[in-house]
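A.B. asks: Structure file run_7.cif (mmCIF, C-alpha atoms) is given on the next line.
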data_protein
#
loop_
_atom_site.label_atom_id
_atom_site.label_comp_id
_atom_site.auth_asym_id
_atom_site.auth_seq_id
_atom_site.Cartn_x
_atom_site.Cartn_y
_atom_site.Cartn_z
CA MET A 1223 12.94 -3.18 -24.87
CA LYS A 1224 10.18 -0.94 -23.50
CA ILE A 1225 7.72 -2.38 -26.03
CA SER A 1226 8.63 -5.92 -24.97
CA ILE A 1227 8.08 -5.09 -21.29
CA LEU A 1228 4.72 -3.48 -21.99
CA SER A 1229 3.67 -6.46 -24.11
CA LEU A 1230 4.59 -8.85 -21.30
CA PHE A 1231 2.57 -6.79 -18.83
CA VAL A 1232 -0.51 -6.88 -21.07
CA ILE A 1233 -0.20 -10.64 -21.69
CA LEU A 1234 0.06 -11.37 -17.97
CA SER A 1235 -2.98 -9.20 -17.29
CA PHE A 1236 -5.12 -11.03 -19.85
CA SER A 1237 -3.91 -14.40 -18.58
CA SER A 1238 -6.04 -13.74 -15.48
CA LEU A 1239 -9.06 -14.72 -17.56
CA PHE A 1240 -7.86 -18.31 -17.18
CA ALA A 1241 -6.71 -18.09 -13.56
CA ASP A 1242 -8.35 -19.81 -10.61
CA TYR A 1243 -10.69 -17.65 -8.61
CA TYR A 1244 -10.12 -15.67 -5.45
CA SER A 1245 -13.30 -15.97 -3.39
CA GLY A 1246 -12.65 -13.14 -0.94
CA GLY A 1247 -12.81 -13.28 2.83
CA PHE A 1248 -9.78 -13.87 5.02
CA ALA A 1249 -7.12 -12.52 2.62
CA GLU A 1250 -8.80 -9.16 2.20
CA THR A 1251 -7.55 -7.48 5.37
CA LEU A 1252 -3.89 -8.36 4.81
CA LEU A 1253 -3.64 -8.04 1.01
CA LEU A 1254 -6.40 -5.60 0.04
CA GLY A 1255 -7.36 -3.65 3.15
CA ARG A 1256 -5.68 -0.75 4.85
CA ARG A 1257 -2.02 -0.22 4.05
CA PRO A 1258 0.43 0.58 6.84
CA ASN A 1259 1.13 4.20 5.90
CA ALA A 1260 -0.49 7.47 6.91
CA ARG A 1261 0.20 9.18 3.58
CA TYR A 1262 -1.48 6.40 1.61
CA GLU A 1263 -4.60 6.43 3.78
CA ALA A 1264 -4.82 10.24 3.85
CA MET A 1265 -4.56 10.54 0.06
CA GLY A 1266 -7.54 8.34 -0.70
CA LYS A 1267 -5.52 5.11 -0.91
CA THR A 1268 -3.40 6.22 -3.88
CA GLY A 1269 0.25 5.33 -4.48
CA VAL A 1270 0.78 3.20 -7.58
CA ALA A 1271 2.33 6.17 -9.43
CA GLU A 1272 4.08 7.81 -6.45
CA ASP A 1273 7.86 7.44 -6.50
CA GLY A 1274 10.28 8.03 -3.68
CA TYR A 1275 8.22 6.51 -0.84
CA LEU A 1276 8.94 3.15 0.77
CA TYR A 1277 5.34 2.05 1.26
CA THR A 1278 4.60 2.32 -2.48
CA GLY A 1279 6.60 -0.89 -2.96
CA LEU A 1280 3.51 -2.71 -1.63
CA LEU A 1281 1.50 -1.24 -4.51
CA ASN A 1282 4.04 -1.04 -7.33
CA PRO A 1283 7.62 -2.35 -6.99
CA ALA A 1284 8.81 0.04 -9.72
CA CYS A 1285 8.03 3.06 -7.52
CA ILE A 1286 10.98 2.48 -5.23
CA GLY A 1287 13.22 3.49 -8.14
CA GLY A 1288 12.58 7.05 -7.01
CA LEU A 1289 14.26 6.53 -3.63
CA GLU A 1290 17.22 8.80 -2.88
CA GLY A 1291 19.91 7.12 -0.84
CA LEU A 1292 18.87 5.19 2.28
CA SER A 1293 15.34 5.21 3.72
CA ILE A 1294 13.97 3.64 6.90
CA ASN A 1295 10.27 3.68 7.81
CA TYR A 1296 8.12 2.62 10.75
CA SER A 1297 4.32 2.80 10.93
CA TYR A 1298 1.85 1.95 13.67
CA ASP A 1299 -1.92 1.56 13.33
CA PRO A 1300 -4.26 0.63 16.21
CA ALA A 1301 -7.91 -0.10 15.43
CA SER A 1302 -10.89 -2.25 16.33
CA PHE A 1303 -12.51 -4.88 14.09
CA TYR A 1304 -15.56 -7.04 14.63
CA PHE A 1305 -15.33 -8.62 18.09
CA ILE A 1306 -11.73 -7.51 18.68
CA ASP A 1307 -11.14 -5.33 21.74
CA ASP A 1308 -9.94 -1.78 21.19
CA ASP A 1309 -6.45 -2.45 22.51
CA ALA A 1310 -6.06 -5.96 21.07
CA TRP A 1311 -5.92 -5.25 17.33
CA TYR A 1312 -3.00 -3.35 15.89
CA SER A 1313 -0.67 -3.44 12.93
CA ASP A 1314 2.89 -2.28 12.52
CA TYR A 1315 5.26 -1.93 9.61
CA TYR A 1316 9.05 -1.86 9.26
CA GLY A 1317 10.61 -0.82 5.95
CA PHE A 1318 14.16 -0.44 4.65
CA GLY A 1319 15.10 0.85 1.19
CA LEU A 1320 18.35 1.59 -0.61
CA ASN A 1321 19.10 3.22 -3.93
CA TYR A 1322 22.46 2.85 -5.64
CA LYS A 1323 22.94 4.22 -9.14
CA ASP A 1324 20.33 2.55 -11.38
CA PHE A 1325 19.18 -0.04 -8.83
CA SER A 1326 16.88 0.23 -5.84
CA PHE A 1327 16.19 -2.45 -3.24
CA TYR A 1328 13.54 -2.59 -0.59
CA ILE A 1329 12.53 -4.99 2.16
CA ASP A 1330 9.73 -4.63 4.68
CA TYR A 1331 7.67 -6.53 7.19
CA TYR A 1332 3.97 -5.84 7.77
CA ARG A 1333 2.25 -7.49 10.75
CA GLN A 1334 -1.37 -7.54 11.88
CA CYS A 1335 -1.95 -8.67 15.45
CA TRP A 1336 -5.50 -9.72 16.25
CA GLY A 1337 -5.05 -10.18 19.97
CA GLU A 1338 -5.62 -13.23 22.15
CA MET A 1339 -7.92 -15.89 20.69
CA THR A 1340 -9.51 -18.87 22.44
CA HIS A 1341 -9.79 -22.48 21.28
CA THR A 1342 -12.74 -24.45 22.68
CA ASP A 1343 -14.20 -27.90 22.21
CA GLU A 1344 -17.68 -28.67 20.90
CA PHE A 1345 -19.10 -28.08 24.37
CA GLY A 1346 -17.58 -24.63 24.73
CA ASN A 1347 -14.86 -25.71 27.18
CA LEU A 1348 -11.61 -23.80 26.90
CA ILE A 1349 -8.74 -25.81 25.44
CA ASP A 1350 -6.11 -23.18 24.82
CA THR A 1351 -5.48 -19.50 24.08
CA TYR A 1352 -3.13 -18.12 21.45
CA GLN A 1353 -2.13 -14.96 19.65
CA GLN A 1354 -3.40 -14.67 16.09
CA VAL A 1355 -0.95 -12.88 13.78
CA HIS A 1356 -1.11 -12.26 10.03
CA SER A 1357 2.08 -11.10 8.35
CA LEU A 1358 3.48 -10.01 5.01
CA LEU A 1359 7.21 -10.04 4.20
CA ASN A 1360 8.19 -8.17 1.04
CA PHE A 1361 11.30 -7.87 -1.08
CA ASN A 1362 11.26 -5.55 -4.10
CA SER A 1363 13.82 -4.37 -6.60
CA SER A 1364 13.61 -1.66 -9.23
CA TYR A 1365 15.82 -0.98 -12.22
CA LYS A 1366 16.09 2.37 -14.02
CA ILE A 1367 15.87 1.46 -17.70
CA SER A 1368 16.15 5.14 -18.65
CA ASN A 1369 16.02 8.43 -16.75
CA THR A 1370 12.24 8.36 -16.93
CA PHE A 1371 11.28 4.65 -17.04
CA TYR A 1372 11.46 2.12 -14.19
CA LEU A 1373 10.81 -1.62 -14.06
CA GLY A 1374 10.15 -3.33 -10.74
CA PHE A 1375 9.86 -6.89 -9.46
CA GLY A 1376 8.43 -7.94 -6.12
CA LEU A 1377 8.38 -11.11 -4.03
CA ARG A 1378 6.01 -11.32 -1.06
CA TYR A 1379 5.47 -14.02 1.53
CA ALA A 1380 2.03 -13.89 3.15
CA ASN A 1381 1.16 -15.93 6.23
CA TRP A 1382 -2.16 -16.25 8.06
CA ASP A 1383 -1.61 -17.74 11.51
CA PHE A 1384 -5.18 -18.86 12.20
CA TYR A 1385 -5.35 -21.90 14.45
CA PRO A 1386 -1.96 -23.06 15.71
CA VAL A 1387 -3.69 -25.74 17.78
CA TYR A 1388 -4.53 -27.51 14.54
CA ASN A 1389 -1.33 -26.38 12.80
CA ASP A 1390 -3.62 -24.66 10.32
CA ASP A 1391 -1.40 -21.81 9.07
CA TRP A 1392 -2.09 -20.70 5.51
CA SER A 1393 0.64 -19.08 3.46
CA CYS A 1394 1.76 -18.33 -0.09
CA TYR A 1395 4.42 -16.59 -2.17
CA LEU A 1396 3.30 -13.71 -4.38
CA PHE A 1397 5.23 -12.42 -7.39
CA ASP A 1398 4.56 -8.86 -8.56
CA LEU A 1399 5.49 -6.78 -11.61
CA GLY A 1400 5.43 -2.98 -11.84
CA LEU A 1401 6.10 -0.17 -14.32
CA LEU A 1402 6.59 3.56 -13.79
CA LYS A 1403 6.99 6.22 -16.48
CA LYS A 1404 7.78 9.88 -15.75
CA PHE A 1405 7.04 12.79 -18.10
CA GLU A 1406 8.33 16.34 -17.65
CA VAL A 1407 5.40 18.19 -19.18
CA TYR A 1408 6.89 21.64 -18.77
CA SER A 1409 9.64 23.45 -16.89
CA ASN A 1410 10.63 27.08 -16.42
CA SER A 1411 12.60 29.19 -13.97
CA ASN A 1412 9.80 29.25 -11.39
CA SER A 1413 8.04 25.89 -11.67
CA LYS A 1414 7.79 22.55 -13.40
CA TYR A 1415 5.14 19.90 -13.95
CA ILE A 1416 6.03 16.21 -13.83
CA MET A 1417 3.45 13.54 -14.56
CA ASN A 1418 3.97 9.94 -13.41
CA ILE A 1419 2.06 7.01 -14.88
CA GLY A 1420 2.28 3.77 -12.93
CA ALA A 1421 0.87 0.27 -13.33
CA SER A 1422 1.33 -2.96 -11.40
CA LEU A 1423 0.14 -6.53 -11.51
CA SER A 1424 0.31 -8.50 -8.27
CA ASN A 1425 0.33 -12.26 -7.85
CA ILE A 1426 1.18 -12.90 -11.49
CA LEU A 1427 1.49 -16.66 -10.87
CA ASN A 1428 -1.94 -16.92 -9.22
CA SER A 1429 -0.52 -18.46 -6.05
CA LYS A 1430 -2.59 -20.92 -4.04
CA VAL A 1431 -3.02 -20.21 -0.34
CA SER A 1432 -4.38 -23.59 0.71
CA ASP A 1433 -5.44 -26.94 -0.73
CA ASP A 1434 -8.31 -27.75 1.63
CA PRO A 1435 -10.34 -25.76 1.00
CA GLU A 1436 -8.72 -24.65 -2.24
CA GLU A 1437 -8.11 -20.92 -1.99
CA HIS A 1438 -6.13 -18.57 -4.21
CA ALA A 1439 -4.72 -15.16 -3.40
CA PRO A 1440 -6.15 -12.14 -5.26
CA ARG A 1441 -4.50 -10.98 -8.48
CA ASN A 1442 -4.71 -7.17 -8.67
CA LEU A 1443 -4.26 -4.76 -11.53
CA ARG A 1444 -3.51 -1.20 -10.48
CA PHE A 1445 -3.20 1.81 -12.75
CA GLY A 1446 -2.70 5.42 -11.75
CA VAL A 1447 -1.50 8.90 -12.60
CA SER A 1448 0.31 11.31 -10.30
CA ASN A 1449 0.56 14.99 -11.31
CA ASN A 1450 3.35 16.85 -9.52
CA PHE A 1451 3.57 20.64 -9.67
CA ILE A 1452 6.84 21.88 -8.17
CA PHE A 1453 7.40 25.57 -7.35
CA LYS A 1454 10.33 27.68 -6.20
CA ASP A 1455 8.00 29.77 -4.05
CA PRO A 1456 9.02 29.05 -0.41
CA ASN A 1457 5.40 29.40 0.75
CA LEU A 1458 4.05 26.77 -1.66
CA SER A 1459 6.68 24.29 -2.81
CA LYS A 1460 4.68 21.37 -4.25
CA ILE A 1461 1.19 20.17 -5.18
CA THR A 1462 0.47 16.51 -6.00
CA ILE A 1463 -2.82 15.31 -7.50
CA SER A 1464 -3.22 11.54 -7.84
CA SER A 1465 -5.87 9.26 -9.32
CA GLU A 1466 -5.81 5.48 -9.29
CA PHE A 1467 -7.97 2.49 -9.90
CA TYR A 1468 -7.52 -1.16 -9.05
CA LYS A 1469 -9.36 -4.26 -10.11
CA ILE A 1470 -9.25 -7.83 -8.79
CA LEU A 1471 -8.78 -9.82 -11.97
CA ASN A 1472 -9.55 -13.26 -10.57
CA SER A 1473 -12.52 -12.39 -8.37
CA TYR A 1474 -15.15 -15.10 -7.94
CA HIS A 1475 -17.80 -12.37 -7.68
CA SER A 1476 -16.69 -10.57 -10.85
CA GLY A 1477 -18.17 -7.11 -11.18
CA GLU A 1478 -19.47 -7.03 -7.61
CA ASP A 1479 -16.43 -6.71 -5.36
CA ASP A 1480 -13.47 -6.19 -7.62
CA PHE A 1481 -13.19 -2.47 -8.33
CA SER A 1482 -12.00 0.68 -6.57
CA PHE A 1483 -11.43 4.26 -7.76
CA ASN A 1484 -9.20 6.46 -5.59
CA ASN A 1485 -8.15 10.12 -5.63
CA GLY A 1486 -5.71 12.13 -3.54
CA LEU A 1487 -4.36 15.66 -3.08
CA GLU A 1488 -1.19 16.76 -1.29
CA VAL A 1489 -0.05 20.34 -0.71
CA THR A 1490 3.44 21.08 0.65
CA MET A 1491 3.74 24.55 2.22
CA VAL A 1492 6.82 26.42 3.45
CA GLN A 1493 8.80 23.35 2.35
CA TYR A 1494 8.15 21.49 5.61
CA PHE A 1495 4.40 21.29 6.32
CA ILE A 1496 2.07 19.03 4.31
CA LEU A 1497 -1.72 18.85 4.08
CA ARG A 1498 -3.47 15.87 2.45
CA CYS A 1499 -6.98 14.82 1.52
CA GLY A 1500 -8.64 12.25 -0.72
CA TYR A 1501 -11.66 10.21 -1.65
CA TYR A 1502 -12.19 6.59 -2.64
CA TYR A 1503 -15.08 4.50 -3.94
CA GLN A 1504 -14.87 0.75 -3.50
CA LEU A 1505 -17.34 -1.93 -4.56
CA ASN A 1506 -18.03 -4.73 -2.07
CA TYR A 1507 -19.75 -8.06 -2.49
CA ASP A 1508 -22.75 -7.99 -0.14
CA TYR A 1509 -23.41 -11.77 -0.23
CA ASP A 1510 -26.96 -10.96 -1.38
CA ASN A 1511 -27.75 -9.73 2.11
CA SER A 1512 -29.41 -6.33 2.52
CA TYR A 1513 -27.68 -5.97 5.91
CA ASN A 1514 -24.28 -5.67 4.18
CA LYS A 1515 -22.97 -2.70 2.23
CA ASP A 1516 -22.39 -3.13 -1.48
CA HIS A 1517 -19.80 -0.32 -1.56
CA LEU A 1518 -17.64 1.98 0.56
CA SER A 1519 -17.22 5.67 -0.27
CA GLU A 1520 -15.10 7.72 2.11
CA PHE A 1521 -13.33 11.08 2.31
CA THR A 1522 -9.85 11.00 3.82
CA TYR A 1523 -7.41 13.55 5.22
CA GLY A 1524 -4.13 13.85 7.08
CA LEU A 1525 -0.98 15.90 7.52
CA GLY A 1526 2.78 15.58 7.43
CA LEU A 1527 5.92 17.29 8.65
CA ILE A 1528 9.40 17.22 7.10
CA LEU A 1529 12.48 18.10 9.15
CA PRO A 1530 15.64 18.50 6.99
CA ILE A 1531 18.36 17.99 9.60
CA ASN A 1532 21.10 19.35 7.37
CA GLU A 1533 19.26 22.65 6.86
CA ILE A 1534 18.24 23.05 10.49
CA PHE A 1535 21.82 22.63 11.70
CA ASN A 1536 23.35 24.19 8.58
CA ASN A 1537 25.53 21.14 8.06
CA ASN A 1538 25.67 19.73 4.54
CA LEU A 1539 27.90 16.89 5.78
CA ILE A 1540 24.77 15.28 7.25
CA PRO A 1541 22.27 15.00 4.35
CA LEU A 1542 19.63 13.62 6.70
CA SER A 1543 15.90 14.33 6.81
CA PHE A 1544 13.11 13.10 9.07
CA SER A 1545 9.41 13.03 8.21
CA PHE A 1546 6.32 12.40 10.30
CA ASP A 1547 2.89 11.58 8.84
CA LEU A 1548 -0.46 11.27 10.60
CA THR A 1549 -4.03 10.42 9.65
CA MET A 1550 -7.09 9.98 11.89
CA LEU A 1551 -10.16 8.65 10.10
CA ASP A 1552 -13.49 6.94 10.54
CA GLN A 1553 -13.14 3.22 10.15
CA PRO A 1554 -15.88 2.17 7.72
CA SER A 1555 -17.71 -1.04 8.50
CA TYR A 1556 -18.99 -3.48 5.92
CA THR A 1557 -22.46 -3.66 7.47
CA LYS A 1558 -25.09 -0.93 7.46
CA ASP A 1559 -25.92 -0.93 11.18
CA SER A 1560 -22.42 -1.28 12.64
CA ASN A 1561 -20.11 1.52 13.72
CA TRP A 1562 -16.47 0.67 14.29
CA ASP A 1563 -14.07 2.81 16.27
CA ASP A 1564 -11.96 5.42 14.50
CA PHE A 1565 -8.41 4.55 13.60
CA TYR A 1566 -5.21 6.50 13.24
CA ASN A 1567 -1.91 5.79 11.56
CA LEU A 1568 1.48 7.17 12.53
CA SER A 1569 4.38 6.91 10.07
CA PHE A 1570 8.01 7.89 10.66
CA THR A 1571 10.64 8.01 7.91
CA LEU A 1572 14.37 8.66 8.08
CA ASN A 1573 16.21 9.41 4.84
CA TRP A 1574 19.92 9.74 4.15
CA LYS A 1575 20.57 11.15 0.69
CA PHE A 1576 23.78 10.01 -0.93
CA GLU A 1577 26.01 12.43 -2.78
CA GLU A 1578 25.79 12.09 -6.56
#
Could you show the structure in this file as structure tokens?

C.D. replies:
Amino acid sequence: MKISILSLFVILSFSSLFADYYSGGFAETLLLGRRPNARYEAMGKTGVAEDGYLYTGLLNPACIGGLEGLSINYSYDPASFYFIDDDAWYSDYYGFGLNYKDFSFYIDYYRQCWGEMTHTDEFGNLIDTYQQVHSLLNFNSSYKISNTFYLGFGLRYANWDFYPVYNDDWSCYLFDLGLLKKFEVYSNSNSKYIMNIGASLSNILNSKVSDDPEEHAPRNLRFGVSNNFIFKDPNLSKITISSEFYKILNSYHSGEDDFSFNNGLEVTMVQYFILRCGYYYQLNYDYDNSYNKDHLSEFTYGLGLILPINEIFNNNLIPLSFSFDLTMLDQPSYTKDSNWDDFYNLSFTLNWKFEE
């Protein structure tokens, strides 16, 4: 069965050679840009091989197989883009995940609000104002084929609310496939090393966003490795080192804007406090204009805090934990002479672990 699943994954990946092109532009911010999670941004945009976190369902639906019990997440991210005022642009994220025996389910809603826009006639006279909102609704499921192998399926609905005056909303359904394999490399009385290998293929049906002009959503291949070193030392409980790459398989500008290599490090100290850092290198299509950047290369960092409610109150009847994650980073622009404001991301997660 595992061989059949891997064969299907490879066939779908190669089928992108015959898919219609994604030309870039409007879909990038919602589908390829920043993700609504502080841990992801702080760890160099890695996550395709990270299990047990809700946001990873956006990257690899198989990853939610590592959820324990019930998880609820909220993230908030204010920033400034292009001509958007500082307080006008923001994004928020609501996620809900549930694991029961060999099945995990996850639903979330990601929204980008671009503030108040104006609609004018050809003479510049104001016709109307409206709120521009881009949104992504996701439903993922993961099945544990064995104790170390997970298969995930995802369905996403993307909507770009551009010009309601003209009823010009663009939308599409995206189907995703993901795999996650876990290896226990070694284990002893004081520590163990678990390596995760994850891969995902998004938009496997090459969904069309609009007919006029004809526009297709990007089809992404992600592949990554997460190395997890777990210790019984209370001062240093876990170290995670992640590497990941993604490629847009149906890019119109093949080889010029379709590749990114990401790396992340996470250190958990005294069981509750977390430090993170990372680095990513991303190619951009510069439209043959020397004013634009042909790549982004950025260092990232952030921190986290875990509060195990059951341990704090010494009550095992309430297996509840709360985590808080934060990152504050420079917001890289795509032009050489522009400086955008910094951005920060706040993420809150509540987890209720079921008894086995």

A.B. asks: I'd like to see the residues matched by the PyMOL selection byres ((chain A and resi 1269-1278) around 8) on this file, and ideally I'd get them as number ranges by chain.

C.D. replies: A: 1258-1259, 1262, 1267-1268, 1279-1283, 1285-1290, 1293-1295, 1317-1319, 1328, 1402, 1418-1422, 1444-1448, 1464, 1466

A.B. asks: Starting from the shown file, work through the PyMOL selection byres ((chain A and resi 1368) around 12) and note down what comes out as a ChimeraX atom specification.

C.D. replies: /A:1223-1224,1287,1323-1325,1364-1367,1369-1373,1402-1405

A.B. asks: Report, in Å to a single decimal, how far apart atom CA of Asn1450 of chain A and atom CA of Ile1463 of chain A are.

C.D. replies: 6.7 Å

A.B. asks: Can you spell out as a list in words the set of residues that the PyMOL selection byres ((chain A and resi 1485) around 6) selects in the structure I just provided?

C.D. replies: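 For this structure, the PyMOL selection byres ((chain A and resi 1485) around 6) captures Gly1266, Ser1464, Ser1465, Asn1484, Gly1486, Gly1500 and Tyr1501 of chain A.
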
A.B. asks: Which residue gives the smallest distance to Ser1393 of chain A among A:Asp1350, A:Asp1314, A:Asp1547, A:Glu1437, with all atoms listed in the file counted?

C.D. replies: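 Smallest separation from Ser1393 of chain A among the options: A:Glu1437.
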
A.B. asks: Suppose you want the space between atom CA of Gly1376 of chain A and atom CA of Ser1297 of chain A; what is it in Å?

C.D. replies: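 That distance, rounded to one decimal, is 20.6 Å.
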
A.B. asks: Do you know which residues are at most 7 Å from Phe1544 of chain A counting only C-alpha atoms, after dropping those on the same chain fewer than 5 positions away, and could you put them as a list in words?

C.D. replies: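 Residues meeting the cut-off are Ile1528, Leu1529, Pro1530, Thr1571, Leu1572 and Asn1573 of chain A.
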